[in-house]
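Novice: Got upload04.cif for you, mmCIF, C-alpha atoms:
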```cif
data_work
loop_
_atom_site.label_atom_id
_atom_site.label_comp_id
_atom_site.auth_asym_id
_atom_site.auth_seq_id
_atom_site.Cartn_x
_atom_site.Cartn_y
_atom_site.Cartn_z
CA MET E 1 136.08 102.30 322.25
CA SER E 2 139.56 100.89 322.82
CA LEU E 3 141.76 99.92 319.88
CA SER E 4 141.53 96.26 320.89
CA ARG E 5 137.71 96.37 320.72
CA LYS E 6 137.83 98.09 317.33
CA PHE E 7 140.26 95.48 316.03
CA VAL E 8 138.09 92.61 317.25
CA ALA E 9 134.93 94.20 315.79
CA GLU E 10 136.56 94.66 312.38
CA PHE E 11 138.04 91.17 312.54
CA ILE E 12 134.78 89.42 313.44
CA GLY E 13 132.65 91.51 311.09
CA THR E 14 134.94 90.94 308.10
CA MET E 15 135.32 87.27 309.02
CA PHE E 16 131.57 86.70 308.93
CA LEU E 17 131.24 88.75 305.73
CA LEU E 18 133.72 86.48 303.94
CA ALA E 19 132.21 83.34 305.44
CA VAL E 20 128.91 84.46 303.92
CA VAL E 21 130.34 85.55 300.55
CA VAL E 22 132.41 82.42 299.99
CA GLY E 23 130.08 79.98 301.74
CA SER E 24 126.95 81.14 299.92
CA GLY E 25 128.87 81.00 296.65
CA ILE E 26 129.78 77.37 297.30
CA MET E 27 126.23 76.48 298.38
CA GLY E 28 124.69 78.33 295.45
CA GLU E 29 126.92 76.52 292.99
CA LYS E 30 126.16 73.15 294.59
CA LEU E 31 122.39 73.63 294.43
CA SER E 32 122.01 75.53 291.15
CA GLY E 33 122.54 72.57 288.85
CA GLY E 34 125.09 74.47 286.80
CA ASN E 35 122.92 77.58 286.39
CA ALA E 36 125.35 80.45 287.08
CA ALA E 37 122.56 83.02 287.33
CA ILE E 38 120.86 81.13 290.17
CA ALA E 39 124.21 80.65 291.93
CA LEU E 40 124.94 84.37 291.66
CA LEU E 41 121.45 85.25 292.89
CA ALA E 42 121.93 83.08 295.98
CA ASN E 43 125.36 84.64 296.56
CA THR E 44 123.89 88.13 296.17
CA ILE E 45 120.95 87.69 298.55
CA ALA E 46 123.14 86.19 301.27
CA THR E 47 125.76 88.93 300.95
CA GLY E 48 123.23 91.76 301.02
CA ALA E 49 121.48 90.29 304.04
CA SER E 50 124.75 89.79 305.90
CA LEU E 51 125.77 93.41 305.38
CA ILE E 52 122.61 94.59 307.11
CA PHE E 53 123.07 92.58 310.30
CA LEU E 54 126.86 93.03 310.41
CA ILE E 55 126.80 96.82 310.01
CA PHE E 56 124.06 97.16 312.61
CA SER E 57 125.90 94.79 314.97
CA PHE E 58 129.28 96.52 315.01
CA GLY E 59 128.49 100.09 313.97
CA ASN E 60 128.74 101.49 317.48
CA ILE E 61 132.05 99.75 318.17
CA SER E 62 134.22 100.31 315.09
CA GLY E 63 131.92 101.98 312.58
CA SER E 64 131.54 98.68 310.70
CA HIS E 65 134.01 99.41 307.91
CA PHE E 66 134.91 95.78 306.99
CA ASN E 67 136.59 97.33 303.93
CA SER E 68 140.13 98.64 303.52
CA VAL E 69 139.25 101.46 301.12
CA VAL E 70 136.51 102.67 303.46
CA SER E 71 139.05 102.85 306.29
CA LEU E 72 141.60 104.58 304.06
CA THR E 73 139.12 107.23 302.97
CA GLU E 74 137.96 107.77 306.55
CA ALA E 75 141.59 108.23 307.62
CA TRP E 76 142.07 110.70 304.76
CA ARG E 77 139.08 112.67 306.04
CA GLY E 78 140.49 112.70 309.58
CA ASN E 79 137.98 110.25 311.05
CA LEU E 80 140.64 107.61 311.80
CA THR E 81 143.99 108.36 313.42
CA ARG E 82 147.34 107.10 312.15
CA ARG E 83 147.35 104.71 315.06
CA GLU E 84 143.87 103.38 314.30
CA LEU E 85 144.31 102.84 310.54
CA PRO E 86 146.73 99.87 310.68
CA ILE E 87 144.56 98.29 313.38
CA TYR E 88 141.54 98.50 311.08
CA LEU E 89 143.41 97.25 308.01
CA GLY E 90 145.00 94.38 309.93
CA GLY E 91 141.68 93.34 311.45
CA GLN E 92 139.97 93.38 308.07
CA ILE E 93 142.62 91.39 306.20
CA CYS E 94 143.09 88.81 308.96
CA GLY E 95 139.34 88.51 309.45
CA ALA E 96 138.72 88.12 305.71
CA ILE E 97 141.26 85.31 305.41
CA CYS E 98 139.85 83.59 308.48
CA GLY E 99 136.30 83.87 307.11
CA THR E 100 137.38 82.30 303.83
CA ALA E 101 139.03 79.45 305.71
CA ILE E 102 135.84 78.91 307.74
CA ALA E 103 133.74 78.72 304.57
CA ASN E 104 136.15 76.27 302.95
CA VAL E 105 136.18 74.01 306.00
CA MET E 106 132.37 74.07 306.34
CA PHE E 107 132.14 72.58 302.84
CA GLU E 108 134.91 70.01 303.36
CA LEU E 109 137.45 71.83 301.22
CA PRO E 110 141.12 72.58 302.00
CA ILE E 111 141.44 75.32 304.63
CA LEU E 112 143.01 77.71 302.11
CA PHE E 113 143.75 76.95 298.47
CA ALA E 114 144.50 79.25 295.55
CA SER E 115 141.71 80.13 293.16
CA THR E 116 142.11 79.52 289.44
CA LYS E 117 139.09 81.66 288.49
CA ILE E 118 140.20 84.25 285.95
CA ARG E 119 138.91 87.78 286.53
CA THR E 120 140.87 90.15 284.35
CA GLY E 121 140.55 92.70 281.55
CA PHE E 122 139.66 96.39 281.29
CA SER E 123 135.91 95.81 281.66
CA GLN E 124 136.36 94.13 285.04
CA TRP E 125 138.93 96.69 286.24
CA PHE E 126 136.60 99.51 285.22
CA SER E 127 133.75 97.70 286.96
CA GLU E 128 135.76 97.67 290.18
CA PHE E 129 136.43 101.40 289.80
CA ILE E 130 132.70 102.09 289.38
CA ALA E 131 131.65 99.66 292.12
CA THR E 132 134.01 101.23 294.65
CA PHE E 133 133.17 104.79 293.59
CA GLY E 134 129.50 103.97 294.11
CA LEU E 135 130.10 102.41 297.51
CA ILE E 136 131.91 105.51 298.80
CA MET E 137 129.14 107.65 297.27
CA VAL E 138 126.45 105.72 299.13
CA ILE E 139 128.36 105.88 302.42
CA ARG E 140 129.14 109.59 302.16
CA THR E 141 125.71 110.78 301.05
CA GLY E 142 123.94 108.39 303.41
CA SER E 143 126.04 109.52 306.38
CA LYS E 144 125.33 113.14 305.51
CA PHE E 145 121.56 112.94 305.07
CA HIS E 146 120.22 109.66 306.53
CA ALA E 147 122.88 108.14 308.80
CA GLU E 148 120.41 105.75 310.44
CA PHE E 149 119.75 104.05 307.10
CA VAL E 150 123.38 103.54 306.01
CA PRO E 151 123.37 99.78 306.79
CA LEU E 152 120.36 99.37 304.51
CA THR E 153 121.64 101.61 301.71
CA VAL E 154 125.06 99.92 301.67
CA ALA E 155 123.45 96.48 301.57
CA ALA E 156 121.06 97.57 298.80
CA TYR E 157 123.90 99.05 296.78
CA ILE E 158 126.12 95.97 297.00
CA THR E 159 123.15 93.75 296.14
CA SER E 160 122.55 95.73 292.96
CA ALA E 161 126.26 96.07 292.14
CA TYR E 162 126.65 92.29 292.11
CA TRP E 163 124.46 92.39 289.01
CA PHE E 164 125.27 95.61 287.18
CA THR E 165 129.07 95.18 287.22
CA SER E 166 130.92 92.56 285.20
CA SER E 167 133.25 91.93 288.14
CA THR E 168 130.34 91.28 290.57
CA SER E 169 131.49 94.18 292.73
CA PHE E 170 134.33 93.12 295.00
CA ALA E 171 134.92 96.82 295.89
CA ASN E 172 137.11 95.84 298.84
CA PRO E 173 140.86 95.01 298.91
CA ALA E 174 140.60 92.76 301.98
CA VAL E 175 137.79 90.80 300.34
CA THR E 176 139.76 90.57 297.09
CA ILE E 177 142.82 89.14 298.84
CA ALA E 178 140.80 86.61 300.81
CA ARG E 179 138.72 85.43 297.87
CA SER E 180 141.92 84.39 296.08
CA MET E 181 142.28 81.69 298.75
CA SER E 182 139.23 79.66 297.74
CA ASN E 183 139.01 77.96 294.36
CA THR E 184 135.23 78.19 294.37
CA PHE E 185 132.42 80.25 292.87
CA ALA E 186 133.48 83.50 294.59
CA GLY E 187 137.20 83.07 293.93
CA ILE E 188 139.67 85.20 292.04
CA ARG E 189 143.02 84.07 290.65
CA PRO E 190 145.95 85.50 292.70
CA ASP E 191 147.47 86.97 289.52
CA ASP E 192 144.35 89.12 289.09
CA ILE E 193 144.36 90.69 292.58
CA LEU E 194 146.61 93.70 292.02
CA PRO E 195 144.68 95.33 289.13
CA PHE E 196 141.45 94.89 291.12
CA ILE E 197 142.91 96.59 294.18
CA ILE E 198 144.40 99.43 292.14
CA SER E 199 141.01 100.00 290.49
CA GLN E 200 139.28 99.97 293.88
CA ILE E 201 141.70 102.53 295.32
CA LEU E 202 141.31 104.80 292.29
CA GLY E 203 137.52 104.59 292.57
CA ALA E 204 137.63 105.42 296.28
CA VAL E 205 140.03 108.34 295.77
CA THR E 206 137.94 109.80 292.96
CA ALA E 207 134.73 109.51 294.98
CA THR E 208 136.35 111.06 298.04
CA PHE E 209 137.59 114.06 296.08
CA LEU E 210 134.19 114.60 294.48
CA PHE E 211 132.06 114.19 297.59
CA ASN E 212 134.41 116.24 299.76
CA TRP E 213 133.43 119.10 297.43
CA LEU E 214 129.81 118.17 296.77
CA LEU E 215 128.87 117.77 300.44
CA ASN E 216 130.87 120.71 301.74
CA PHE E 217 127.99 123.15 302.13
CA GLU E 218 125.97 124.71 304.89
CA GLU E 219 122.31 123.87 304.81
CA LYS E 220 120.14 127.01 304.98
#
```
I need this file expressed as structure tokens, please.
Specialist:
Amino acid sequence: MSLSRKFVAEFIGTMFLLAVVVGSGIMGEKLSGGNAAIALLANTIATGASLIFLIFSFGNISGSHFNSVVSLTEAWRGNLTRRELPIYLGGQICGAICGTAIANVMFELPILFASTKIRTGFSQWFSEFIATFGLIMVIRTGSKFHAEFVPLTVAAYITSAYWFTSSTSFANPAVTIARSMSNTFAGIRPDDILPFIISQILGAVTATFLFNWLLNFEEK
């Protein structure tokens, strides 16, 4: 596939992912009557479902990364070239911001407006480390043993991670940046972005080191 096709695939895929994440958060909050658990459940189901159809849709074009740390770890492993990496990262970040804007406009909100939702503290940073570590784990082990099921395993993992992490599993720098641009249920205050992204990168690096060793064997 050409670089332009890979860029467009990552852009569109990440755009729809954020439209789903932010849009379902807004809808869930509107319909839940103030019950945060119901709003989160709606947000979770929509996000998990979207990951299935998006990964299947674009997997044969760009690999369906839609996540900056996934692209960084794939580049580290030699599966993305130095020329491809900035194309992937640019497509993801631009797509994520565009998807957030689409969700905001669909619900008659400003196109982009800063979130005031506080997400900070060691527990949330550690949650992002664990969430991202787990995501890389699922991708690496799934690709090794059951590649055809990776869209399902990634979706299942993120669905569960929404609930077992205190941060609700952002696990994606592009998503984190974009979600700061919507002062809604899925938002994050701009001041809280950097520690989240650092935690995500550390989780991805740790998982990559571990699974480079764990999966480096010849099956007998």
Novice: To one decimal place, how far is atom CA of E:Ile97 from atom CA of E:Ile12 in Å?
Specialist: 11.1 Å
Novice: For E:Ile139, please output as an MDAnalysis selection string all residues within 12 Å (counting only C-alpha atoms; exclusion window: fewer than 3 positions along the same chain).
Specialist: chainID E and resid 55 63:65 67 69:71 73:74 132:136 142:158 204 207:208 211
Novice: By how many Å are atom CA of E:Gly28 and atom CA of E:Ala42 apart?
Specialist: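 About the pair atom CA of E:Gly28 and atom CA of E:Ala42: they are 5.5 Å apart.
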Novice: Evaluated on this file, the PyMOL selection byres ((chain E and resi 177) around 9) picks out some residues - which ones are they, written as a list in words?
Specialist: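 Taken on the displayed file, the PyMOL selection byres ((chain E and resi 177) around 9) yields the residues Ile93, Ala96, Ile97, Asn172, Pro173, Ala174, Val175, Thr176, Ala178, Arg179, Ser180, Met181, Ile188, Pro190, Ile193 and Ile197 of chain E.
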Novice: Give me the residues near E:Ser123 as a count of residues only, where near means some atom within 10 Å (using all atoms listed in the file) and where sequence neighbours in that chain fewer than 4 positions away do not count.
Specialist: 7
Novice: Give me the residues near E:Gly91 as a ChimeraX atom specification, where near means some atom within 7 Å (using only C-alpha atoms) and where sequence neighbours in that chain fewer than 2 positions away do not count.
Specialist: /E:7-8,10-11,87-89,93-95
Novice: Could you work out how far atom CA of E:Leu41 lies from atom CA of E:Tyr162, giving the answer in Å with one decimal?
Specialist: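 Separation between atom CA of E:Tyr162 and atom CA of E:Leu41: 8.8 Å.
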Novice: Anything within 10 Å of (133.9, 85.3, 308.4): list those residues as a PDB file with C-alpha atoms, in the frame of the given file, counting only C-alpha atoms and sticking to the file's coordinates.
Specialist:
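Once written, out-v9.pdb looks like this:
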```
ATOM      1  CA  PHE E  11     138.040  91.170 312.540  1.00  0.00           C
ATOM      2  CA  ILE E  12     134.780  89.420 313.440  1.00  0.00           C
ATOM      3  CA  GLY E  13     132.650  91.510 311.090  1.00  0.00           C
ATOM      4  CA  THR E  14     134.940  90.940 308.100  1.00  0.00           C
ATOM      5  CA  MET E  15     135.320  87.270 309.020  1.00  0.00           C
ATOM      6  CA  PHE E  16     131.570  86.700 308.930  1.00  0.00           C
ATOM      7  CA  LEU E  17     131.240  88.750 305.730  1.00  0.00           C
ATOM      8  CA  LEU E  18     133.720  86.480 303.940  1.00  0.00           C
ATOM      9  CA  ALA E  19     132.210  83.340 305.440  1.00  0.00           C
ATOM     10  CA  VAL E  20     128.910  84.460 303.920  1.00  0.00           C
ATOM     11  CA  VAL E  21     130.340  85.550 300.550  1.00  0.00           C
ATOM     12  CA  VAL E  22     132.410  82.420 299.990  1.00  0.00           C
ATOM     13  CA  GLY E  23     130.080  79.980 301.740  1.00  0.00           C
ATOM     14  CA  CYS E  94     143.090  88.810 308.960  1.00  0.00           C
ATOM     15  CA  GLY E  95     139.340  88.510 309.450  1.00  0.00           C
ATOM     16  CA  ALA E  96     138.720  88.120 305.710  1.00  0.00           C
ATOM     17  CA  ILE E  97     141.260  85.310 305.410  1.00  0.00           C
ATOM     18  CA  CYS E  98     139.850  83.590 308.480  1.00  0.00           C
ATOM     19  CA  GLY E  99     136.300  83.870 307.110  1.00  0.00           C
ATOM     20  CA  THR E 100     137.380  82.300 303.830  1.00  0.00           C
ATOM     21  CA  ALA E 101     139.030  79.450 305.710  1.00  0.00           C
ATOM     22  CA  ILE E 102     135.840  78.910 307.740  1.00  0.00           C
ATOM     23  CA  ALA E 103     133.740  78.720 304.570  1.00  0.00           C
TER      24      ALA E 103
END
```
Novice: Nearest to E:Ser115: which of E:Ile130, E:Ala37, E:Ala186, E:Ile201 is it, counting only C-alpha atoms?
Specialist: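 Nearest to E:Ser115: E:Ala186.
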Novice: Considering all atoms listed in the file, can you say which of E:Thr184, E:Thr168, E:Leu3, E:Asn212 comes closest to E:Thr47?
Specialist: E:Thr168
Novice: Using all atoms listed in the file, can you tell me which of E:Phe209, E:Phe185, E:Phe126, E:Phe56 comes closest to E:Ala171?
Specialist: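 With all atoms listed in the file as the atom set, the closest residue is E:Phe126.
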Novice: Identify which of the residues E:Ile61, E:Ala114, E:Leu210, E:Val205 lies closest to E:Ser2, counting all atoms listed in the file when measuring atom-to-atom distances.
Specialist: E:Ile61
Novice: Taking N, CA and C atoms as the atom set, what does stretch 4-30 of chain E look like once completed, written as a PDB file, in the frame of the given file?
Specialist:
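That gives us out02.pdb:
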```pdb
ATOM      1  N   SER E   4     141.704  97.720 320.916  1.00  0.00           N
ATOM      2  CA  SER E   4     141.530  96.260 320.890  1.00  0.00           C
ATOM      3  C   SER E   4     140.094  95.898 320.535  1.00  0.00           C
ATOM      4  N   ARG E   5     139.114  96.636 321.050  1.00  0.00           N
ATOM      5  CA  ARG E   5     137.710  96.370 320.720  1.00  0.00           C
ATOM      6  C   ARG E   5     137.433  96.671 319.248  1.00  0.00           C
ATOM      7  N   LYS E   6     138.017  97.755 318.746  1.00  0.00           N
ATOM      8  CA  LYS E   6     137.830  98.090 317.330  1.00  0.00           C
ATOM      9  C   LYS E   6     138.440  97.022 316.437  1.00  0.00           C
ATOM     10  N   PHE E   7     139.620  96.539 316.816  1.00  0.00           N
ATOM     11  CA  PHE E   7     140.260  95.480 316.030  1.00  0.00           C
ATOM     12  C   PHE E   7     139.384  94.229 316.002  1.00  0.00           C
ATOM     13  N   VAL E   8     138.903  93.830 317.167  1.00  0.00           N
ATOM     14  CA  VAL E   8     138.090  92.610 317.250  1.00  0.00           C
ATOM     15  C   VAL E   8     136.787  92.779 316.457  1.00  0.00           C
ATOM     16  N   ALA E   9     136.173  93.961 316.540  1.00  0.00           N
ATOM     17  CA  ALA E   9     134.930  94.200 315.790  1.00  0.00           C
ATOM     18  C   ALA E   9     135.170  94.115 314.287  1.00  0.00           C
ATOM     19  N   GLU E  10     136.256  94.731 313.807  1.00  0.00           N
ATOM     20  CA  GLU E  10     136.560  94.660 312.380  1.00  0.00           C
ATOM     21  C   GLU E  10     136.932  93.241 311.961  1.00  0.00           C
ATOM     22  N   PHE E  11     137.651  92.550 312.838  1.00  0.00           N
ATOM     23  CA  PHE E  11     138.040  91.170 312.540  1.00  0.00           C
ATOM     24  C   PHE E  11     136.804  90.274 312.426  1.00  0.00           C
ATOM     25  N   ILE E  12     135.948  90.301 313.441  1.00  0.00           N
ATOM     26  CA  ILE E  12     134.780  89.420 313.440  1.00  0.00           C
ATOM     27  C   ILE E  12     133.812  89.785 312.318  1.00  0.00           C
ATOM     28  N   GLY E  13     133.576  91.084 312.138  1.00  0.00           N
ATOM     29  CA  GLY E  13     132.650  91.510 311.090  1.00  0.00           C
ATOM     30  C   GLY E  13     133.120  91.096 309.706  1.00  0.00           C
ATOM     31  N   THR E  14     134.414  91.314 309.417  1.00  0.00           N
ATOM     32  CA  THR E  14     134.940  90.940 308.100  1.00  0.00           C
ATOM     33  C   THR E  14     135.005  89.430 307.954  1.00  0.00           C
ATOM     34  N   MET E  15     135.294  88.745 309.048  1.00  0.00           N
ATOM     35  CA  MET E  15     135.320  87.270 309.020  1.00  0.00           C
ATOM     36  C   MET E  15     133.956  86.717 308.617  1.00  0.00           C
ATOM     37  N   PHE E  16     132.899  87.193 309.264  1.00  0.00           N
ATOM     38  CA  PHE E  16     131.570  86.700 308.930  1.00  0.00           C
ATOM     39  C   PHE E  16     131.155  87.125 307.516  1.00  0.00           C
ATOM     40  N   LEU E  17     131.565  88.322 307.093  1.00  0.00           N
ATOM     41  CA  LEU E  17     131.240  88.750 305.730  1.00  0.00           C
ATOM     42  C   LEU E  17     131.830  87.786 304.714  1.00  0.00           C
ATOM     43  N   LEU E  18     133.086  87.404 304.892  1.00  0.00           N
ATOM     44  CA  LEU E  18     133.720  86.480 303.940  1.00  0.00           C
ATOM     45  C   LEU E  18     133.165  85.071 304.071  1.00  0.00           C
ATOM     46  N   ALA E  19     132.834  84.660 305.282  1.00  0.00           N
ATOM     47  CA  ALA E  19     132.210  83.340 305.440  1.00  0.00           C
ATOM     48  C   ALA E  19     130.911  83.287 304.657  1.00  0.00           C
ATOM     49  N   VAL E  20     130.169  84.391 304.674  1.00  0.00           N
ATOM     50  CA  VAL E  20     128.910  84.460 303.920  1.00  0.00           C
ATOM     51  C   VAL E  20     129.169  84.501 302.426  1.00  0.00           C
ATOM     52  N   VAL E  21     130.068  85.387 301.986  1.00  0.00           N
ATOM     53  CA  VAL E  21     130.340  85.550 300.550  1.00  0.00           C
ATOM     54  C   VAL E  21     130.830  84.238 299.939  1.00  0.00           C
ATOM     55  N   VAL E  22     131.834  83.644 300.550  1.00  0.00           N
ATOM     56  CA  VAL E  22     132.410  82.420 299.990  1.00  0.00           C
ATOM     57  C   VAL E  22     131.476  81.227 300.222  1.00  0.00           C
ATOM     58  N   GLY E  23     130.942  81.118 301.438  1.00  0.00           N
ATOM     59  CA  GLY E  23     130.080  79.980 301.740  1.00  0.00           C
ATOM     60  C   GLY E  23     128.814  79.954 300.911  1.00  0.00           C
ATOM     61  N   SER E  24     128.172  81.110 300.731  1.00  0.00           N
ATOM     62  CA  SER E  24     126.950  81.140 299.920  1.00  0.00           C
ATOM     63  C   SER E  24     127.259  80.891 298.449  1.00  0.00           C
ATOM     64  N   GLY E  25     128.455  81.296 298.021  1.00  0.00           N
ATOM     65  CA  GLY E  25     128.870  81.000 296.650  1.00  0.00           C
ATOM     66  C   GLY E  25     129.008  79.500 296.425  1.00  0.00           C
ATOM     67  N   ILE E  26     129.620  78.828 297.402  1.00  0.00           N
ATOM     68  CA  ILE E  26     129.780  77.370 297.300  1.00  0.00           C
ATOM     69  C   ILE E  26     128.407  76.682 297.322  1.00  0.00           C
ATOM     70  N   MET E  27     127.559  77.085 298.272  1.00  0.00           N
ATOM     71  CA  MET E  27     126.230  76.480 298.380  1.00  0.00           C
ATOM     72  C   MET E  27     125.403  76.745 297.135  1.00  0.00           C
ATOM     73  N   GLY E  28     125.451  77.995 296.645  1.00  0.00           N
ATOM     74  CA  GLY E  28     124.690  78.330 295.450  1.00  0.00           C
ATOM     75  C   GLY E  28     125.113  77.506 294.252  1.00  0.00           C
ATOM     76  N   GLU E  29     126.420  77.310 294.114  1.00  0.00           N
ATOM     77  CA  GLU E  29     126.920  76.520 292.990  1.00  0.00           C
ATOM     78  C   GLU E  29     126.522  75.058 293.129  1.00  0.00           C
ATOM     79  N   LYS E  30     126.527  74.540 294.353  1.00  0.00           N
ATOM     80  CA  LYS E  30     126.160  73.150 294.590  1.00  0.00           C
ATOM     81  C   LYS E  30     124.689  72.871 294.243  1.00  0.00           C
TER      82      LYS E  30
END
```
